[in-house]
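The file data_35.cif comes next; it holds mmCIF, C-alpha atoms.
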data_work
loop_
_atom_site.label_atom_id
_atom_site.label_comp_id
_atom_site.auth_asym_id
_atom_site.auth_seq_id
_atom_site.Cartn_x
_atom_site.Cartn_y
_atom_site.Cartn_z
CA MET A 1 95.53 100.60 93.79
CA GLU A 2 92.90 100.45 96.52
CA PHE A 3 94.49 97.39 98.12
CA GLY A 4 98.15 98.13 97.41
CA HIS A 5 99.11 98.65 101.05
CA TRP A 6 97.16 95.58 102.11
CA ARG A 7 98.89 93.41 99.50
CA ARG A 8 102.35 94.59 100.48
CA ARG A 9 101.77 94.18 104.21
CA SER A 10 100.06 90.82 103.74
CA THR A 11 102.99 89.55 101.65
CA HIS A 12 105.35 90.58 104.43
CA LEU A 13 103.24 88.90 107.14
CA LEU A 14 102.84 85.71 105.12
CA SER A 15 106.61 85.47 104.71
CA ARG A 16 106.84 85.25 108.52
CA ASP A 17 103.86 82.95 109.09
CA SER A 18 104.20 79.56 107.39
CA ARG A 19 100.81 78.37 108.67
CA ALA A 20 98.94 81.30 107.14
CA ASP A 21 100.96 81.02 103.93
CA ALA A 22 99.98 77.35 103.62
CA ALA A 23 96.36 78.28 104.34
CA LEU A 24 96.34 80.82 101.52
CA ARG A 25 97.80 78.30 99.07
CA THR A 26 95.04 75.87 100.05
CA LEU A 27 92.35 78.48 99.46
CA ARG A 28 93.75 79.37 96.04
CA THR A 29 92.85 75.84 95.00
CA PHE A 30 89.17 76.46 95.74
CA ILE A 31 88.97 80.23 95.13
CA PRO A 32 90.51 81.13 91.76
CA ALA A 33 91.19 84.75 90.87
CA THR A 34 88.57 84.54 88.09
CA GLY A 35 85.81 82.17 87.13
CA TYR A 36 83.64 79.83 89.14
CA ILE A 37 83.86 79.83 92.97
CA PRO A 38 81.93 77.17 94.93
CA ASP A 39 78.92 78.65 96.71
CA PHE A 40 79.45 76.64 99.91
CA LEU A 41 82.41 78.91 100.67
CA THR A 42 80.05 81.88 101.13
CA PRO A 43 77.38 80.78 103.64
CA PRO A 44 74.27 82.94 104.15
CA VAL A 45 74.69 86.35 105.77
CA THR A 46 73.57 86.08 109.40
CA GLY A 47 75.54 88.73 111.28
CA GLU A 48 77.15 86.00 113.37
CA TYR A 49 80.81 85.67 114.22
CA LEU A 50 83.46 83.83 112.23
CA ASP A 51 83.08 80.59 114.18
CA ALA A 52 79.41 80.27 113.21
CA ALA A 53 80.18 80.83 109.53
CA LEU A 54 82.99 78.27 109.57
CA GLU A 55 80.67 75.76 111.21
CA LYS A 56 78.29 76.18 108.28
CA VAL A 57 81.16 75.51 105.87
CA ARG A 58 82.09 72.37 107.79
CA ALA A 59 78.44 71.23 107.71
CA THR A 60 78.15 71.38 103.90
CA PRO A 61 76.18 68.30 102.74
CA ARG A 62 78.14 65.70 100.79
CA ASP A 63 75.97 65.97 97.67
CA ARG A 64 76.39 69.73 97.50
CA LEU A 65 80.14 69.54 98.06
CA ALA A 66 80.53 66.92 95.34
CA ALA A 67 78.40 68.89 92.86
CA GLU A 68 80.24 72.16 93.41
CA LEU A 69 83.72 70.59 93.34
CA THR A 70 82.74 68.86 90.09
CA LEU A 71 81.85 72.26 88.61
CA LEU A 72 85.13 73.67 89.88
CA ALA A 73 87.09 70.77 88.37
CA ALA A 74 85.38 71.39 85.03
CA SER A 75 86.71 74.97 85.01
CA ARG A 76 90.26 74.28 86.21
CA PRO A 77 92.40 71.25 87.12
CA LEU A 78 92.37 70.31 90.81
CA PRO A 79 95.27 68.67 92.66
CA GLY A 80 95.03 65.03 93.60
CA TRP A 81 94.61 65.71 97.33
CA VAL A 82 91.15 67.24 96.77
CA ARG A 83 88.60 64.63 97.79
CA GLY A 84 86.52 63.11 95.01
CA PRO A 85 82.70 62.97 94.99
CA HIS A 86 82.60 59.38 96.32
CA GLU A 87 84.82 59.95 99.35
CA ARG A 88 83.83 61.23 102.76
CA PRO A 89 84.00 65.05 102.59
CA THR A 90 84.85 65.63 106.25
CA SER A 91 88.61 66.04 105.82
CA THR A 92 88.25 68.43 102.87
CA LEU A 93 85.77 70.63 104.74
CA LEU A 94 87.91 70.68 107.88
CA LEU A 95 90.94 71.64 105.81
CA ILE A 96 89.06 74.48 104.12
CA ALA A 97 87.59 75.79 107.38
CA ASP A 98 91.01 75.80 109.06
CA ALA A 99 92.50 77.56 106.03
CA LEU A 100 89.78 80.22 106.15
CA ARG A 101 90.44 80.82 109.84
CA ASP A 102 94.23 81.04 109.47
CA SER A 103 94.06 83.33 106.44
CA PHE A 104 91.51 85.59 108.17
CA ARG A 105 93.82 85.92 111.18
CA VAL A 106 96.68 87.32 109.09
CA LEU A 107 95.05 88.90 106.05
CA LEU A 108 91.84 90.42 107.42
CA GLU A 109 91.68 90.59 111.19
CA PRO A 110 94.14 93.50 111.53
CA TYR A 111 91.85 95.56 109.25
CA TRP A 112 88.48 94.16 110.27
CA ARG A 113 87.37 97.17 112.29
CA GLN A 114 87.85 99.44 109.28
CA VAL A 115 86.08 96.91 107.06
CA ARG A 116 83.15 96.73 109.45
CA SER A 117 83.01 100.51 109.74
CA ALA A 118 82.80 100.94 105.95
CA VAL A 119 80.14 98.24 105.64
CA GLY A 120 78.17 99.74 108.53
CA ASP A 121 78.23 103.17 106.89
CA ASP A 122 76.89 101.67 103.66
CA VAL A 123 74.09 99.81 105.46
CA ALA A 124 73.07 103.01 107.24
CA VAL A 125 72.89 104.94 103.97
CA ARG A 126 70.86 102.21 102.23
CA ALA A 127 68.51 101.92 105.19
CA ARG A 128 67.79 105.66 105.19
CA THR A 129 67.17 105.53 101.44
CA ALA A 130 64.73 102.64 101.78
CA LEU A 131 62.87 104.30 104.66
CA GLY A 132 62.58 107.56 102.75
CA GLY A 133 61.78 106.30 99.26
CA GLY A 134 60.96 102.61 99.47
CA THR A 135 62.40 99.65 97.59
CA GLY A 136 62.51 101.52 94.28
CA ALA A 137 64.73 104.23 95.74
CA LEU A 138 66.96 101.61 97.35
CA LEU A 139 67.49 99.77 94.05
CA ALA A 140 67.93 103.02 92.12
CA GLY A 141 70.67 103.94 94.58
CA LEU A 142 72.78 100.96 93.50
CA ARG A 143 74.20 102.90 90.54
CA PRO A 144 76.68 102.79 88.87
CA PHE A 145 77.07 99.01 89.12
CA ALA A 146 73.33 98.27 88.86
CA ARG A 147 70.42 100.08 87.18
CA TRP A 148 66.80 99.77 88.27
CA ASN A 149 64.56 99.45 85.21
CA PRO A 150 61.31 98.11 86.71
CA PRO A 151 60.75 95.23 86.90
CA TYR A 152 64.39 94.46 86.04
CA LEU A 153 67.58 95.17 87.94
CA ASP A 154 70.31 95.34 85.29
CA VAL A 155 73.63 94.49 86.92
CA ASP A 156 77.11 95.15 85.57
CA TYR A 157 77.99 91.48 85.87
CA PRO A 158 81.06 89.81 84.30
CA VAL A 159 79.02 87.16 82.45
CA GLU A 160 75.62 87.14 80.74
CA ARG A 161 72.94 85.57 82.93
CA GLU A 162 69.34 86.11 83.99
CA LEU A 163 68.02 85.29 87.44
CA ARG A 164 64.30 85.34 88.13
CA LEU A 165 63.34 85.86 91.76
CA GLU A 166 59.99 84.07 91.40
CA GLY A 167 58.69 85.46 94.66
CA ARG A 168 61.97 85.14 96.54
CA GLY A 169 63.62 88.14 98.13
CA LEU A 170 66.98 89.57 97.08
CA THR A 171 69.65 89.92 99.78
CA LEU A 172 72.01 92.85 99.21
CA VAL A 173 75.45 92.25 100.73
CA PRO A 174 77.88 95.19 100.93
CA SER A 175 81.49 94.04 100.65
CA TYR A 176 84.77 95.82 101.26
CA PHE A 177 86.77 93.50 99.02
CA CYS A 178 84.29 93.31 96.17
CA TRP A 179 86.09 95.28 93.44
CA ARG A 180 84.55 97.25 90.59
CA ARG A 181 81.72 94.84 89.79
CA PRO A 182 79.11 93.09 91.93
CA THR A 183 78.92 89.32 92.16
CA ALA A 184 76.33 86.70 93.03
CA LEU A 185 75.97 83.04 93.93
CA ALA A 186 76.45 80.72 90.98
CA ASP A 187 73.58 78.33 91.81
CA PRO A 188 70.25 79.88 90.74
CA GLY A 189 68.45 77.52 93.12
CA LEU A 190 69.95 79.20 96.20
CA ASP A 191 68.39 82.26 97.80
CA PRO A 192 69.31 85.22 95.54
CA VAL A 193 72.21 87.33 96.78
CA LEU A 194 73.91 90.36 95.23
CA VAL A 195 77.31 91.27 96.66
CA TYR A 196 78.37 94.80 95.76
CA PRO A 197 81.38 97.04 96.56
CA VAL A 198 81.16 99.67 99.28
CA ALA A 199 82.78 103.09 99.24
CA LYS A 200 86.06 102.86 101.13
CA ARG A 201 89.32 104.52 101.95
CA PRO A 202 92.45 102.59 100.96
CA PHE A 203 94.03 100.88 103.95
CA ASP A 204 97.22 102.89 103.62
CA ASN A 205 95.23 106.14 103.95
CA ALA A 206 93.37 104.76 106.94
CA LEU A 207 96.65 103.97 108.66
CA THR A 208 98.00 107.52 108.49
CA GLY A 209 96.93 107.77 112.12
CA GLU A 210 99.43 105.01 112.89
CA ALA A 211 102.28 107.03 111.38
CA GLY A 212 101.29 110.06 113.45
CA LEU A 213 101.16 107.99 116.61
CA GLU A 214 104.62 106.62 115.89
CA ARG A 215 106.01 110.14 116.01
CA LEU A 216 104.17 110.73 119.28
CA LEU A 217 104.58 107.39 121.06
CA GLY A 218 107.66 105.92 119.45
CA ARG A 219 107.97 102.94 117.12
CA THR A 220 107.87 100.14 119.70
CA ARG A 221 104.94 101.48 121.70
CA THR A 222 102.95 102.15 118.53
CA ALA A 223 103.67 98.64 117.28
CA VAL A 224 102.35 97.22 120.56
CA LEU A 225 99.18 99.31 120.28
CA VAL A 226 98.61 98.27 116.65
CA GLU A 227 99.15 94.61 117.54
CA VAL A 228 96.57 94.77 120.36
CA ALA A 229 94.11 96.80 118.28
CA GLY A 230 94.28 94.29 115.43
CA HIS A 231 92.70 91.57 117.59
CA ARG A 232 89.77 91.25 119.93
CA THR A 233 92.17 90.57 122.83
CA ARG A 234 95.89 89.91 123.19
CA THR A 235 97.97 88.58 126.08
CA THR A 236 101.36 90.02 126.93
CA THR A 237 103.01 86.81 125.72
CA GLU A 238 101.19 86.99 122.38
CA VAL A 239 102.25 90.61 121.88
CA ALA A 240 105.85 89.81 122.79
CA GLN A 241 105.98 86.84 120.40
CA ALA A 242 104.34 88.72 117.52
CA LEU A 243 106.72 91.67 117.80
CA HIS A 244 109.81 89.72 118.91
CA LEU A 245 110.02 91.66 122.17
CA ALA A 246 111.20 90.52 125.57
CA PRO A 247 108.13 89.79 127.77
CA ALA A 248 109.24 92.43 130.27
CA SER A 249 109.46 95.04 127.51
CA ALA A 250 106.02 94.15 126.15
CA SER A 251 104.57 94.30 129.67
CA TYR A 252 106.09 97.74 130.26
CA GLN A 253 104.78 99.17 126.99
CA ILE A 254 101.28 97.77 127.65
CA GLY A 255 101.35 99.36 131.10
CA VAL A 256 102.21 102.76 129.66
CA LEU A 257 99.42 102.48 127.05
CA ARG A 258 96.97 101.38 129.73
CA GLY A 259 97.88 104.42 131.83
CA ALA A 260 97.19 106.64 128.80
CA GLY A 261 93.71 105.15 128.35
CA LEU A 262 94.57 103.38 125.09
CA ILE A 263 94.47 99.81 126.40
CA VAL A 264 92.30 98.06 128.99
CA SER A 265 93.24 94.79 130.68
CA ARG A 266 91.15 92.14 132.40
CA ARG A 267 91.85 88.77 133.94
CA ALA A 268 90.27 85.71 132.25
CA GLY A 269 91.15 82.70 134.37
CA LYS A 270 94.92 82.47 134.47
CA ARG A 271 95.31 84.84 131.52
CA VAL A 272 95.41 88.62 131.48
CA GLU A 273 93.89 89.86 128.24
CA HIS A 274 94.42 93.32 126.76
CA ALA A 275 92.14 95.18 124.36
CA ALA A 276 92.39 98.55 122.65
CA THR A 277 89.95 101.23 123.75
CA SER A 278 87.65 103.26 121.51
CA LEU A 279 90.07 106.17 121.84
CA ALA A 280 92.89 104.01 120.48
CA HIS A 281 90.85 102.82 117.51
CA GLY A 282 89.83 106.37 116.71
CA LEU A 283 93.45 107.53 116.79
CA LEU A 284 94.61 104.63 114.63
CA SER A 285 91.85 105.25 112.09
CA GLY A 286 93.15 108.79 111.65
CA SER A 287 89.69 110.17 112.33
CA GLY A 288 89.81 110.71 116.05
CA SER A 289 86.44 108.97 116.35
CA PRO A 290 85.95 105.46 117.71
CA LEU A 291 85.31 102.52 115.42
CA PRO A 292 82.96 99.64 116.30
CA SER A 293 84.63 96.98 118.41
CA GLU A 294 83.62 93.32 118.04
CA PRO A 295 84.42 92.05 114.52
CA ILE A 296 81.58 90.33 112.67
CA LEU A 297 82.00 88.13 109.65
CA ARG A 298 80.11 89.24 106.56
CA SER A 299 80.12 87.19 103.39
CA GLY A 300 82.23 88.64 100.62
#
Could I get this structure in the form of structure tokens?
Amino acid sequence: MEFGHWRRRSTHLLSRDSRADAALRTLRTFIPATGYIPDFLTPPVTGEYLDAALEKVRATPRDRLAAELTLLAASRPLPGWVRGPHERPTSTLLLIADALRDSFRVLLEPYWRQVRSAVGDDVAVRARTALGGGTGALLAGLRPFARWNPPYLDVDYPVERELRLEGRGLTLVPSYFCWRRPTALADPGLDPVLVYPVAKRPFDNALTGEAGLERLLGRTRTAVLVEVAGHRTRTTTEVAQALHLAPASASYQIGVLRGAGLIVSRRAGKRVEHAATSLAHGLLSGSGSPLPSEPILRSG
């Protein structure tokens, strides 16, 4: 399976992180494997960072939250702790936003550079198609999961529905975790969005570079590099705690990697933060070429 490695590694990480495990169980209440998913959980695509997207989730109006949770409750039973439509929604939204952050930290952040790279490649291809052949060529290029039959875009969608744009634009959102079929927002009154799967390498294939580095650098040093590369920045204490290393050992390994040009360090107040270099990301990707650095949240 495309996500087999990710599932196995995520299960292992969740078994060691009770906070993230609790966050995932919370999200399963609101995001079922099939069927209706509330639209407020997928705020508009803006290219902003995770914090901005979570702020939009927290700012969901009460009426919208109540309406969408009512729809969710009609499709599946909800536990008693989910706030009803007549209660203040603040606590529910804060709980969901915290759960999204904690689950992202464990389930997605270690892979986010590869996700962003795949999405960026797709955007570049679609942009070139649109510049060369216009909107028609762009829509025709959505095969096999969508077929452009002017003036209709026939989508391989799991349920029968028709959405008329009525002068509104259609936002195309490439998604790494969208699988087999595209998806869309449930509310036809919201700005039309089509989320579709991008071409991707399975995560286990992408991490073959990690296995090669382990033979070259050794298991502990490679684990330190992977831990730093999986986050925007890491302190020595954070690396030591995550890998169950003595602080002195973590500091030594980081120093060796810094000397090899794989890690850079900078002081931020009283903290010293470490980040992986482009060379390190290229080696870990197995391609030898650098991946984009700062992670950006994209819906889907």
Contacts of region 177-267 of chain A with region 275-283 of chain A up to 7 Å, shortest pair per row, all atoms listed in the file, as a Markdown table:
| residue | atom | partner | partner_atom | distance |
| --- | --- | --- | --- | --- |
| A:Gly209 | CA | A:Leu283 | CA | 5.8 |
| A:Val228 | CA | A:Ala275 | CA | 6.0 |
| A:Ala229 | CA | A:Ala276 | CA | 5.0 |
| A:Arg232 | CA | A:Ala275 | CA | 6.4 |
| A:Thr233 | CA | A:Ala275 | CA | 4.9 |
| A:Arg234 | CA | A:Ala275 | CA | 6.6 |
| A:Leu262 | CA | A:Ala280 | CA | 4.9 |
| A:Ile263 | CA | A:Ala276 | CA | 4.5 |
| A:Val264 | CA | A:Ala275 | CA | 5.5 |
| A:Ser265 | CA | A:Ala275 | CA | 6.4 |
Problem - Between CA of Val198 (chain A) and CA of Asp122 (chain A), distance in Å (one decimal) - result: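 For CA of Val198 (chain A) relative to CA of Asp122 (chain A), the distance reads 6.4 Å.
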Near region 59-76 of chain A, 12 Å: region 134-210 of chain A residue rows, closest pairs, all atoms listed in the file, as CSV:
residue,atom,partner,partner_atom,distance
A:Leu185,CA,A:Glu68,CA,11.7
A:Ala186,CA,A:Glu68,CA,9.7
A:Asp187,CA,A:Glu68,CA,9.2
A:Gly189,CA,A:Arg64,CA,12.0
A:Leu190,CA,A:Arg64,CA,11.5
Exercise for the section: For each of A:Pro192, A:Thr29, A:Ala268, A:Val226, take the minimum atom-to-atom distance to Gly80 (chain A), counting all atoms listed in the file, then give the residue where this is smallest. Expected result: A:Thr29
Handout entry: Which of A:Arg147, A:His244, A:Arg101, A:Arg19 sits closest to Leu54 (chain A) [using all atoms listed in the file]
Key =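 Ranking A:Arg147, A:His244, A:Arg101, A:Arg19 by distance to Leu54 (chain A), first place goes to A:Arg101.
For His231 (chain A), the list of residues within 9 Å, based on only C-alpha atoms and with local chain neighbours fewer than 6 positions off taken out, reads Arg105, Glu109, Pro110, Trp112, Ala275, Ala276 and Pro295 of chain A.
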Practice task
Quick one: pull the distance between CA of Leu170 (chain A) and CA of Tyr49 (chain A), Å, one decimal.
Solution key: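 Atom-to-atom, CA of Leu170 (chain A) and CA of Tyr49 (chain A) are spaced 22.4 Å apart.
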Fill in the blank from the handout: From CA of Val123 (chain A) to CA of Pro151 (chain A) the spacing works out at 23.3 Å
Problem - Residue nearest Leu257 (chain A) among A:Arg28, A:Lys200, A:Arg7, A:His274 (counting only C-alpha atoms) - result: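 Checking each candidate against Leu257 (chain A), we get A:His274 as the closest.
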Practice task
Determine the residue set returned by the PyMOL selection byres ((chain A and resi 41) around 12) for the present structure, and present it as a count of residues only.
Solution key: 33
Which polymer residues, whether protein, DNA or RNA, lie within 9 Å of the coordinate (108.8, 95.1, 118.7) when you count only C-alpha atoms? List them as an mmCIF file with C-alpha atoms, keeping the file's coordinate frame, using the chain letters and numbers from the file.
data_model
loop_
_atom_site.group_PDB
_atom_site.id
_atom_site.type_symbol
_atom_site.label_atom_id
_atom_site.label_comp_id
_atom_site.auth_asym_id
_atom_site.auth_seq_id
_atom_site.Cartn_x
_atom_site.Cartn_y
_atom_site.Cartn_z
ATOM 1 C CA ARG A 219 107.970 102.940 117.120
ATOM 2 C CA THR A 220 107.870 100.140 119.700
ATOM 3 C CA ARG A 221 104.940 101.480 121.700
ATOM 4 C CA ALA A 223 103.670 98.640 117.280
ATOM 5 C CA VAL A 224 102.350 97.220 120.560
ATOM 6 C CA VAL A 239 102.250 90.610 121.880
ATOM 7 C CA ALA A 240 105.850 89.810 122.790
ATOM 8 C CA GLN A 241 105.980 86.840 120.400
ATOM 9 C CA ALA A 242 104.340 88.720 117.520
ATOM 10 C CA LEU A 243 106.720 91.670 117.800
ATOM 11 C CA HIS A 244 109.810 89.720 118.910
ATOM 12 C CA LEU A 245 110.020 91.660 122.170
ATOM 13 C CA ALA A 246 111.200 90.520 125.570
ATOM 14 C CA SER A 249 109.460 95.040 127.510
ATOM 15 C CA ALA A 250 106.020 94.150 126.150
#
Practice task
Convert the output of the PyMOL selection byres ((chain A and resi 178) around 7) on the shown file into explicit residues, formatted as a list in words.
Solution key: Ser175, Tyr176, Phe177, Trp179, Arg180, Pro182, Tyr196, Pro197 and Gly300 of chain A
Exercise for the section: Please provide as a list of chain:residue names all residues within 7 Å of Leu172 (chain A), with the sequence filter that same-chain residues fewer than 2 positions apart are discarded (counting all atoms listed in the file). Expected result: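 So, after excluding close chain neighbours, the residues are A:Leu170, A:Pro174, A:Val193, A:Leu194, A:Val195.
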Exercise for the section: Counting all atoms listed in the file, figure out which residue out of A:Leu50, A:Leu24, A:Leu94, A:Val106 gets nearest to His12 (chain A). Expected result: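 Answer, going by the shortest atom-to-atom distance: A:Val106.
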Handout entry: Residues matched by the PyMOL selection byres ((chain A and resi 152) around 12), written as an MDAnalysis selection string
Key = chainID A and resid 136 139:140 146:151 153:155 162:165
Exercise for the section: Would you please work out which residue, of A:Leu216, A:Ala260, A:Gly169, A:Thr90, is nearest to Thr135 (chain A) when using all atoms listed in the file? Expected result: A:Gly169
Near Asp21 (chain A), within 10 Å and counting all atoms listed in the file, which residues show up once chain neighbours fewer than 4 positions away are dropped, as a CSV table (one decimal) with C-alpha atoms, in the frame of the given file?
chain,number,residue,atom,x,y,z
A,10,SER,CA,100.1,90.8,103.7
A,11,THR,CA,103.0,89.6,101.6
A,13,LEU,CA,103.2,88.9,107.1
A,14,LEU,CA,102.8,85.7,105.1
A,15,SER,CA,106.6,85.5,104.7
A,16,ARG,CA,106.8,85.2,108.5
A,17,ASP,CA,103.9,83.0,109.1
A,25,ARG,CA,97.8,78.3,99.1
A,26,THR,CA,95.0,75.9,100.0
A,99,ALA,CA,92.5,77.6,106.0
A,102,ASP,CA,94.2,81.0,109.5
A,103,SER,CA,94.1,83.3,106.4
A,106,VAL,CA,96.7,87.3,109.1
